[in-house]
Every structure is written in C-alpha cells, then in structure tokens.
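S.K.: So that we are looking at the same thing, I have put the structure below in structure tokens.
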Amino acid sequence: MTEDRSPIFQCRDVTVRYGHIVALSDVGAVFERGMIHAVVGQNGAGKTTFARVLAGLVRPASGELEIDGRPLPGGNVNDARKAGVELVHQSFALPPSFSVAEAMQFGADGGGMFTKGGLEKRWQPHLDALDVRVQAKQRIRDLPVETQQGVEIARALVSEAKLLILDEPTAVLSPEGAEKLFERVRRLKERGVTVILILHKIREVLAIADTVTVLRGGRLVDGPLPCAEIDANRLAELIIGPAAARNLKSEDKAPLTRAAALTHVEARETASSRAPVLDMRDVSTRPDLEGPALDKVNLAIRSGEIVGVAGVEGNGQRTLVRAISALSDIVEGQIAINGGDVTNVPLVSRRTAGLRVIPFERNVEGLSLTSSLWENWSACGLLQTKLLSAIKPSQIRKHCDAALKQWDVRYSNVGQRAGSLSGGNAQKVILSREMDEDARLILAAQPTRGLDIGATSFVWDSMRKARGRGCGLLFISSDLDEIFDISDRVIVMLSGRIVAEFHPPYDIAAVGAAMTGVLR
Amino acid sequence: MEDIVIAIFRSGTPLIYVALAGVIAQRAGIWHLGLEGLMIAGACATILGIVLTHSIWIALLGAIIICVLGSVLFWFVVEKLKANQIIAGLGLTGLGLGGTALAVQSIFGTQAAVSAPFGLPRIGSAFGAFGSLSILVSIMPIVVLAVWMMLRRTRFGLRLSASGEHPFAARGVGVNPSVMRLVALMLGGVLCALAGAELAAGSLQIFAQNMTAGRGFMGFAAVIFGASHPIGATFAALFFALVGALGIRAQLMFGDRIPHDLLLALPYIATVLGVWFSTQLRGGTKANNSFGELRDQ
C-alpha cells in the first residue's frame, strides 16, 4: 500500500438533470486514496446518480471530474474504466444465462477466440484470489445473491481498478451476508483499492466506512466527514434534514438510528385469544419464475396483529402473497380467511371475505399508471358489483375525491393519471383503497420500499391504525429494522418454508441466522 | 434415401441462413419478424441482378447490399424512432413482399415470375447426386460454425448477447447495446440475402411473387425452437425441412387418400409443434427487452 495521500477522485459543481428533474446539483467532493468512503442519503437524494456519474454511465450537464489527478470527461464508461473506476450495481447486473467465466470475460480486455476450458482456467484463479467461492463454469442465474455479488465485484476487478463503487450493496443481503461483504471490502482496502459505498443505513455506515458523505435532495449536505467524529443521531439529522428530524416521531426515528443491538420493546395487548383472520394449513404450491414453491406452510394471523415476514428476497415471500391472493395454484393444504375456507375461491370472493393486498410492485401490480386516479381507486370496489350493473362515474369520482383527501394524497384532480404521482402519493392511493373499513386481512408487501422517510412513517402509522381497528396484517419487508419495529411477531422464510418464529424482544443475530439457514 | 437428404439440404439451407440471422438478432435483443421481408428482397435482388448484369457475384453483392440497407432501416425504426419491434418487423416483411412485387412490375411490366438464365454455381458432378446442390449449401456448415464461434466463443459475442439479455450490464462495461443491435441486424441482413439467393437461385433460378411463402417466419420459429442457439436453430430448421420433404413424399404416395392441403400444411404444423416443444425444454438465452432498463433510484 502506498503512502500517497493525494485524492483519488474529486469533482466540482457536478449537476445532472433528467428532463426537468435535477438529480444532482452542484455537487463537489474530494475522496482520499486508500479509504472506504460511504455516500448516504434518502431515496431520491441522488446517491445512485452520483455513482453513475463517476462510472461514466450518466453524463453530467456541467461540472468537472478528476481521477488520480487527471481530468475525466463525463458520460463515457470506457474512459472511466480506463482510468480505473468500476461500478458494482445495486443488484443483478450480470446476464443470468452467462457462466461466471463468461461474465468475467465479457468485461475484460483482450479479444480473440476462447474455448470454454481456457476461459475457466483463466478466471478461476482470479475468483479464488478474491475469495469468491464459485466454480467458473456455473451459471449466474444458479448462484445465490451473495455469490452473485461476489462475482460482480470480481468482474469489476478484472482490470486494475483503483476506485471501486458499490451501489447499495447490502440491499439484497442478509445481515450475515452484509458482514461478509464488509470483510471483503476491508481486504480490498488492504490491497490499496479505494472503495466508495453507497448506503442508506446509518448502522452500516458507522460499521464499515472511514468517511461519510451526505446527499440530500441532490445536493451535498456535508462530507466527506471522518466517521470517527460523528454519531448516529447527528448523521440521521444530516440525512433527513434538521426540520424533518424535529417533526419525526421518536419511535419512527429509532429504526433509522438504532445500532445493532435492539432494546426496543413495546408492550402490546396480546391477540392470541382472538379468532384468526388468516389460517393457512400445510399449504404447498408449485415453483414458478418468481421464486420457490411454498412447502407446507402453516401460518395463522389473528385479528389485531401484525406479523412480520423476514427473509432474504426470493425465498417465497412473493409466492406467499400470491397464494393468499389466489394468484398461485395451491397444490395441497387449506387457506381460510376470516373463518371461511377460501382455498379454491377466486380473489373476488376472498376480497369479499376481507382480504386486501398492498402488492410488491406498486407501479405494476398496484396501480395502472395510465389510468386515472378514480379508476384505480374504484377498480377493486367494482369487483363486488355485478358484471352488467351500471356504474356512475360521477358518483365514484366524488367518493374517490373524499377518500383521497382523507388519506392526504397530494393531487390536482381525480381524473389525472396515476403515473403522475410521486412514489409516496401513489402508495397512499393504494392504501386508501386497500385499508378500507371492511378490510380484515391486509397483505402489505414491501409497502415502504422506495419511499422517503415522511411517506414511510405515514405507511407505518396506517398499518398501526389498521391493527387498532382489528385487522390482521402480514408485513413483508427486506428492511429488518422496520420489521422489528412494528411487528408483533416475526416469521422467517427460507426456500419457501417458514423456518422460525420470533417474539419481541427480537434477537437480530438469531433472525439473521435463520434467514441464511444457519439456524434450523 | 439420397434424394430425401438432398431435398432436406435444398429446402433446409435457406431456412438455416434465415434462422441464423434471427438468432443473432434475438441474442442482441430484437425479435426479428422482418426476416421474411429481407429474405424475399434477397431472392428478388439476386434474380434481378442476374438478369440485369449477367453476373452471379454482382447479383449476390446487390442482394447483400439491399438486405443490409433493409436491416439498417429496421434498426433505425426500432432503436431511433422507438417503434415496437414486432410491428416494425411485420412492416419490414410487408415492405419486402410489396417492394419486390413493385420492382418486378416496374422493370418487366408484368406480375409473372422472372426466370434467370443461370443460378448459383453448383458443387460439381464430382459429388455425384449432391453435385446439383449450390455452393451456398456447401458453405452452410462453415457459416453455422462461424456464427456459433462468434456468438459463444468471442468477447464480441458475449457483449452482443449481453446487449439483448441485460442491456444495463452491457452498458456497465462500456458497450453500447444500440450499436451492438445495429451490428447484429447488419450481419443478419447478409445472412438473409444468402437465404434469399439460395431459395431463388440455388436450384430454381426463378423469382415469383411471395415465393418465400412464410419461410422467414419458419426461420424465426427455428430461432425459438432452437432456444436462440445457432446450432439448435440449425437443427430446428433441418427438422422443418425434413418434415417438408416427408410431406412431399407422402403427397406422392397417399396423394389420393389424404387431402392435399393437409400434406402441404405439414411443415407449418411441425413448426407450431416444434415451438411448443421447445418451450417445454427451456434453455439458452432468452432475450429480454426490459423497459426502463436505466432506472434511477
């Protein structure tokens, strides 16, 4: 490792616009060589854009970049790679049908023909040297996410990378996987590689980084600040802004700032005596493209209870939601909603029984972006009317207007397209539709994904209110902190099975172990 | 037996060339439904070229230029004007079918078939009965192998496949997927020209309106049947040719007992069954045209 302490990378006045939206505005920063730098911010703060500017994927409208003392023209990946900058994307940025060796070769220099064996021989040592435990001939799509990420990092290091940028690398990892990743990052640092980590969890920043740079709303708030001199609360305030920090309820702030050990317990009325609103017995499905099949899943959710589902993505969470909402065939077992058997009845009847779904993909499954707000809002209600019975749009518009106002959706009129709303507002439209008075069982699948902290807090609040009304909620999230914060109990899914159940106070290490199959 | 093999090669070779064009496009992320149009343009250009210039080589070159230009047009419409691939491809097919009819009409003033004084060079009588096959049949295995090598054994091929399967990954290593698609379509244009030339000048030396009769679409079916793999698509095309040859044979043998139309439909029925069968055996690259690939935040 060199003693050279000149900056590896600096930028001045970098501005990026996507159409009318300013994603980055006059950002300037200096990153020192041989360190681990974190870049943090909320969703929409411009972190990913910043990473892509560095990697040459996005051309800044103005500003200067300098790598290793030499100016770098923006917007050209090849130039950036030649200068030694490599970006590892958020997740899954390798062609799934490629073998590991092919994935290495496709990013490497040097053309010519190769043979399969030669390719494997060329890349296996590289993988071994980086401690990525994988056979070069395996296909990307057959690898678990952690390994895929290892392969991606290895791919980024095929040339002499000086600056490695990891964009939200922990988003797809279990806590244990994240720790392994950090170990790998530390070893890269020892090899003299400068690493920039795009993160959004304060706990992770403080655990790994040497410096932290905070972005908010596309502007540089501060940084790079040495991590040794900043505490979690101060960092949280920098991220969400002083005004928002004051308005935030203390209980919602907790998951933002909390360190690894959890002490937060809330005494809640036990719901165990009440009747279950969902009762699944030995439910199995067939495997499909979305993930593994459910394998004899037993799950009861009682009225007035939030059951959190933890698990690495792709372990059957989607199939669970699809099975309950009649989108997957049930091979064996029974599902009862609100006391009545619904195993073989379509979604309409299940909705009549009180089932409501906040789906995974807000913009695909949740809303029709090209339809108006009132059409989206009324669609589910209309399922209950007869096929040929007349509807009165004016009436629906009026009801929709009232409901959306009540849910504090920001919109100009109910005829506007759903696609014109921001993420948080779009989610509120779904909430207003799915969290109505007749709801008995609500499946909330990643309801806060991609939302900023204000909207996230609103969603949490709505879920607590629904629980107060006696609904049972199934809450799926990839963010363990929020699961722990609002769930009355937590189940862990692994390969289509429920492998563990936890009650507060939650033991993050035990949950993490269950998620990765260490604990049986 | 020998004549069946010859028949398979004769009718299979154009299918193979057009299927290879489809494979390259498919790997680069384009569902190439314009194959039919390019193929008939190649057939027409070859015959007209022979008639007008009396040189098979100038005719072939002309066919290649026409098909490459057609491919560039397709690329421009799909990539630059952001048109739907399927619609644009069908449009290209329509352009090929209509354009060739127009060309014949305007040059010869008639809708009738145009025959050329000679066709592609033959392999030669040294190969016995196979001698009647054209040189395009004899170089076909080499072309298949070359396309396979290019797609599966070079970095260029990996980058081309990545452009179709995961454009964002391609962009991440500094590859422009759009340019890769242009290259893929232009290569495909060359292959379509060869397919058309073999069809029109391989054994027949004639150009008739609509003479491709759905072979371009069958080639596309071979792409799907062969899981976008050059070797797989080649065997799929040979299979379709085999069914076709057997159909003709059956027609001669049972022509009076089985409806004529049913026998004629055999290759097409085999195509449908073949595609269904291949979806049962998943594998290979599935081109993925992800929308909003460069999603931000």
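FYI, nothing fancy with the structure tokens labels: chains A, B, ... in order, residues from 1 per chain, ligands from 1 as they appear.
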Check which residues of chain B sit at most 8 Å from chain A using only C-alpha atoms, and return one row each with the closest pair of atoms and their distance in Å to one decimal, ordered by chain and rising number, as CSV.
M.R.:
```
residue,atom,partner,partner_atom,distance
B:Met149,CA,A:Met113,CA,7.7
B:Arg153,CA,A:Phe114,CA,5.4
B:Thr154,CA,A:Met113,CA,4.8
B:Arg155,CA,A:Phe106,CA,5.5
B:Phe156,CA,A:Gly111,CA,7.6
B:Leu158,CA,A:Phe106,CA,5.7
B:Arg159,CA,A:Phe106,CA,6.0
B:Ala162,CA,A:Pro95,CA,5.9
B:Glu165,CA,A:Pro95,CA,6.0
B:His166,CA,A:Pro95,CA,5.3
B:Phe168,CA,A:Ala93,CA,6.8
B:Ala169,CA,A:Ala93,CA,5.0
B:Arg171,CA,A:Leu57,CA,7.4
B:Gly172,CA,A:Val77,CA,6.9
B:Val173,CA,A:Gly107,CA,5.5
B:Gly174,CA,A:Val77,CA,4.7
B:Gly284,CA,A:Ser97,CA,6.8
B:Thr285,CA,A:Ser97,CA,6.0
B:Asp296,CA,A:Thr48,CA,6.9
B:Gln297,CA,A:Gly44,CA,6.0
```
S.K.: Can you tell me, as a ChimeraX atom specification, which residues in stretch 66-167 of chain B count as alpha helix (DSSP H) by DSSP?
M.R.: /B:66-75,85-108,135-152,155-165,167
S.K.: Give me a file of those residues, with C-alpha atoms, as a PDB file, in the first residue's frame.
M.R.:
```
ATOM      1  CA  ILE B  66     -30.265  -4.400 -50.293  1.00  0.00           C
ATOM      2  CA  CYS B  67     -30.769  -6.646 -47.251  1.00  0.00           C
ATOM      3  CA  VAL B  68     -28.215  -4.769 -45.147  1.00  0.00           C
ATOM      4  CA  LEU B  69     -29.913  -1.499 -46.038  1.00  0.00           C
ATOM      5  CA  GLY B  70     -33.264  -3.013 -45.085  1.00  0.00           C
ATOM      6  CA  SER B  71     -31.743  -4.112 -41.765  1.00  0.00           C
ATOM      7  CA  VAL B  72     -30.363  -0.636 -41.100  1.00  0.00           C
ATOM      8  CA  LEU B  73     -33.802   0.787 -41.779  1.00  0.00           C
ATOM      9  CA  PHE B  74     -35.313  -1.718 -39.354  1.00  0.00           C
ATOM     10  CA  TRP B  75     -32.731  -0.774 -36.725  1.00  0.00           C
ATOM     11  CA  GLN B  85     -40.156  -4.351 -32.711  1.00  0.00           C
ATOM     12  CA  ILE B  86     -42.922  -6.743 -33.663  1.00  0.00           C
ATOM     13  CA  ILE B  87     -44.886  -4.167 -35.622  1.00  0.00           C
ATOM     14  CA  ALA B  88     -41.758  -2.772 -37.272  1.00  0.00           C
ATOM     15  CA  GLY B  89     -40.656  -6.299 -38.191  1.00  0.00           C
ATOM     16  CA  LEU B  90     -44.021  -7.116 -39.726  1.00  0.00           C
ATOM     17  CA  GLY B  91     -43.805  -3.795 -41.537  1.00  0.00           C
ATOM     18  CA  LEU B  92     -40.442  -4.772 -42.953  1.00  0.00           C
ATOM     19  CA  THR B  93     -41.922  -8.056 -44.108  1.00  0.00           C
ATOM     20  CA  GLY B  94     -44.742  -6.180 -45.808  1.00  0.00           C
ATOM     21  CA  LEU B  95     -42.223  -3.827 -47.384  1.00  0.00           C
ATOM     22  CA  GLY B  96     -40.235  -6.770 -48.709  1.00  0.00           C
ATOM     23  CA  LEU B  97     -43.241  -8.598 -50.133  1.00  0.00           C
ATOM     24  CA  GLY B  98     -44.754  -5.484 -51.668  1.00  0.00           C
ATOM     25  CA  GLY B  99     -41.480  -3.901 -52.703  1.00  0.00           C
ATOM     26  CA  THR B 100     -40.316  -6.949 -54.638  1.00  0.00           C
ATOM     27  CA  ALA B 101     -43.640  -7.160 -56.471  1.00  0.00           C
ATOM     28  CA  LEU B 102     -43.349  -3.488 -57.317  1.00  0.00           C
ATOM     29  CA  ALA B 103     -39.779  -3.901 -58.522  1.00  0.00           C
ATOM     30  CA  VAL B 104     -40.720  -6.755 -60.847  1.00  0.00           C
ATOM     31  CA  GLN B 105     -43.757  -4.897 -62.131  1.00  0.00           C
ATOM     32  CA  SER B 106     -41.846  -1.709 -62.833  1.00  0.00           C
ATOM     33  CA  ILE B 107     -38.944  -3.414 -64.595  1.00  0.00           C
ATOM     34  CA  PHE B 108     -40.747  -6.077 -66.587  1.00  0.00           C
ATOM     35  CA  ILE B 135     -22.186 -23.701 -53.276  1.00  0.00           C
ATOM     36  CA  LEU B 136     -24.267 -21.893 -50.644  1.00  0.00           C
ATOM     37  CA  VAL B 137     -25.309 -25.317 -49.391  1.00  0.00           C
ATOM     38  CA  SER B 138     -21.716 -26.445 -49.198  1.00  0.00           C
ATOM     39  CA  ILE B 139     -20.531 -23.441 -47.199  1.00  0.00           C
ATOM     40  CA  MET B 140     -23.588 -23.570 -44.924  1.00  0.00           C
ATOM     41  CA  PRO B 141     -21.910 -25.758 -42.239  1.00  0.00           C
ATOM     42  CA  ILE B 142     -18.962 -23.361 -42.175  1.00  0.00           C
ATOM     43  CA  VAL B 143     -21.270 -20.386 -41.729  1.00  0.00           C
ATOM     44  CA  VAL B 144     -23.157 -22.130 -38.948  1.00  0.00           C
ATOM     45  CA  LEU B 145     -19.903 -22.894 -37.188  1.00  0.00           C
ATOM     46  CA  ALA B 146     -18.649 -19.354 -37.698  1.00  0.00           C
ATOM     47  CA  VAL B 147     -21.821 -17.844 -36.222  1.00  0.00           C
ATOM     48  CA  TRP B 148     -21.610 -20.222 -33.284  1.00  0.00           C
ATOM     49  CA  MET B 149     -17.946 -19.324 -32.699  1.00  0.00           C
ATOM     50  CA  MET B 150     -18.689 -15.642 -32.941  1.00  0.00           C
ATOM     51  CA  LEU B 151     -21.622 -15.764 -30.550  1.00  0.00           C
ATOM     52  CA  ARG B 152     -20.364 -18.232 -27.996  1.00  0.00           C
ATOM     53  CA  ARG B 155     -15.876 -11.488 -26.310  1.00  0.00           C
ATOM     54  CA  PHE B 156     -17.776  -9.747 -29.078  1.00  0.00           C
ATOM     55  CA  GLY B 157     -20.394 -12.493 -28.905  1.00  0.00           C
ATOM     56  CA  LEU B 158     -20.665 -12.206 -25.147  1.00  0.00           C
ATOM     57  CA  ARG B 159     -21.181  -8.471 -25.425  1.00  0.00           C
ATOM     58  CA  LEU B 160     -23.754  -8.951 -28.143  1.00  0.00           C
ATOM     59  CA  SER B 161     -25.644 -11.479 -26.031  1.00  0.00           C
ATOM     60  CA  ALA B 162     -25.433  -9.216 -23.011  1.00  0.00           C
ATOM     61  CA  SER B 163     -26.908  -6.372 -25.056  1.00  0.00           C
ATOM     62  CA  GLY B 164     -30.008  -8.447 -25.583  1.00  0.00           C
ATOM     63  CA  GLU B 165     -30.271 -10.234 -22.305  1.00  0.00           C
ATOM     64  CA  PRO B 167     -28.566  -4.178 -21.709  1.00  0.00           C
TER      65      PRO B 167
END
```
S.K.: So how many Å separate atom CA of A:Phe182 and atom CA of A:Gln10, to one decimal?
M.R.: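 Atom CA of A:Phe182 sits 24.1 Å away from atom CA of A:Gln10.
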S.K.: Between atom CA of A:Val212 and atom CA of A:Val39, what distance in Å does the model show, to one decimal?
M.R.: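 Separation of atom CA of A:Val212 and atom CA of A:Val39: 5.8 Å.
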S.K.: Could you list, as a count of residues only, every residue within 12 Å of B:Ala25, counting only C-alpha atoms and ignoring same-chain residues fewer than 4 positions away?
M.R.: 47
S.K.: Please identify which residues in stretch 26-229 of chain B DSSP calls strand (DSSP E) from the backbone, and express them as a PyMOL selection string.
M.R.: chain B and resi 114-115+206-207
S.K.: Restricting the calculation to only C-alpha atoms, which member of A:His399, A:His200, A:Arg464, A:Arg356 is positioned closest to A:Cys380?
M.R.: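 Between A:His399, A:His200, A:Arg464, A:Arg356, the residue approaching A:Cys380 most closely is A:Arg356.
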S.K.: Between A:Thr370, A:Leu220, A:Glu375, A:Ile337, which is the closest to A:Ser420 once you count only C-alpha atoms?
M.R.: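 Closest residue, counting only C-alpha atoms: A:Thr370.
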S.K.: What's the 12 Å shell around A:Val342, counting only C-alpha atoms, without same-chain residues fewer than 4 positions away, as JSON, numbers by chain?
M.R.: {"A": [277, 278, 279, 280, 281, 323, 324, 325, 326, 330, 333, 334, 335, 336, 337, 338, 346, 347, 348, 349, 350, 351, 352, 353, 354, 355]}
S.K.: Excluding A:Leu443 and any residue of its chain fewer than 2 positions from it, enumerate the residues within 10 Å of it, using only C-alpha atoms, and give them as number ranges by chain.
M.R.: A: 306-307, 320-321, 324-325, 355-360, 434, 441, 445-447, 472-476
S.K.: So which residues touch A:Asn425 within 7 Å, counting only C-alpha atoms, skipping near sequence neighbours fewer than 4 positions away, as a VMD selection string?
M.R.: chain A and resid 409 to 410 421 429
S.K.: Given only C-alpha atoms as the basis, pick out the residue of A:Arg449, A:Arg17, A:Arg216, A:Arg440 nearest to A:Ser478.
M.R.: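 Smallest separation from A:Ser478 among the options: A:Arg449.
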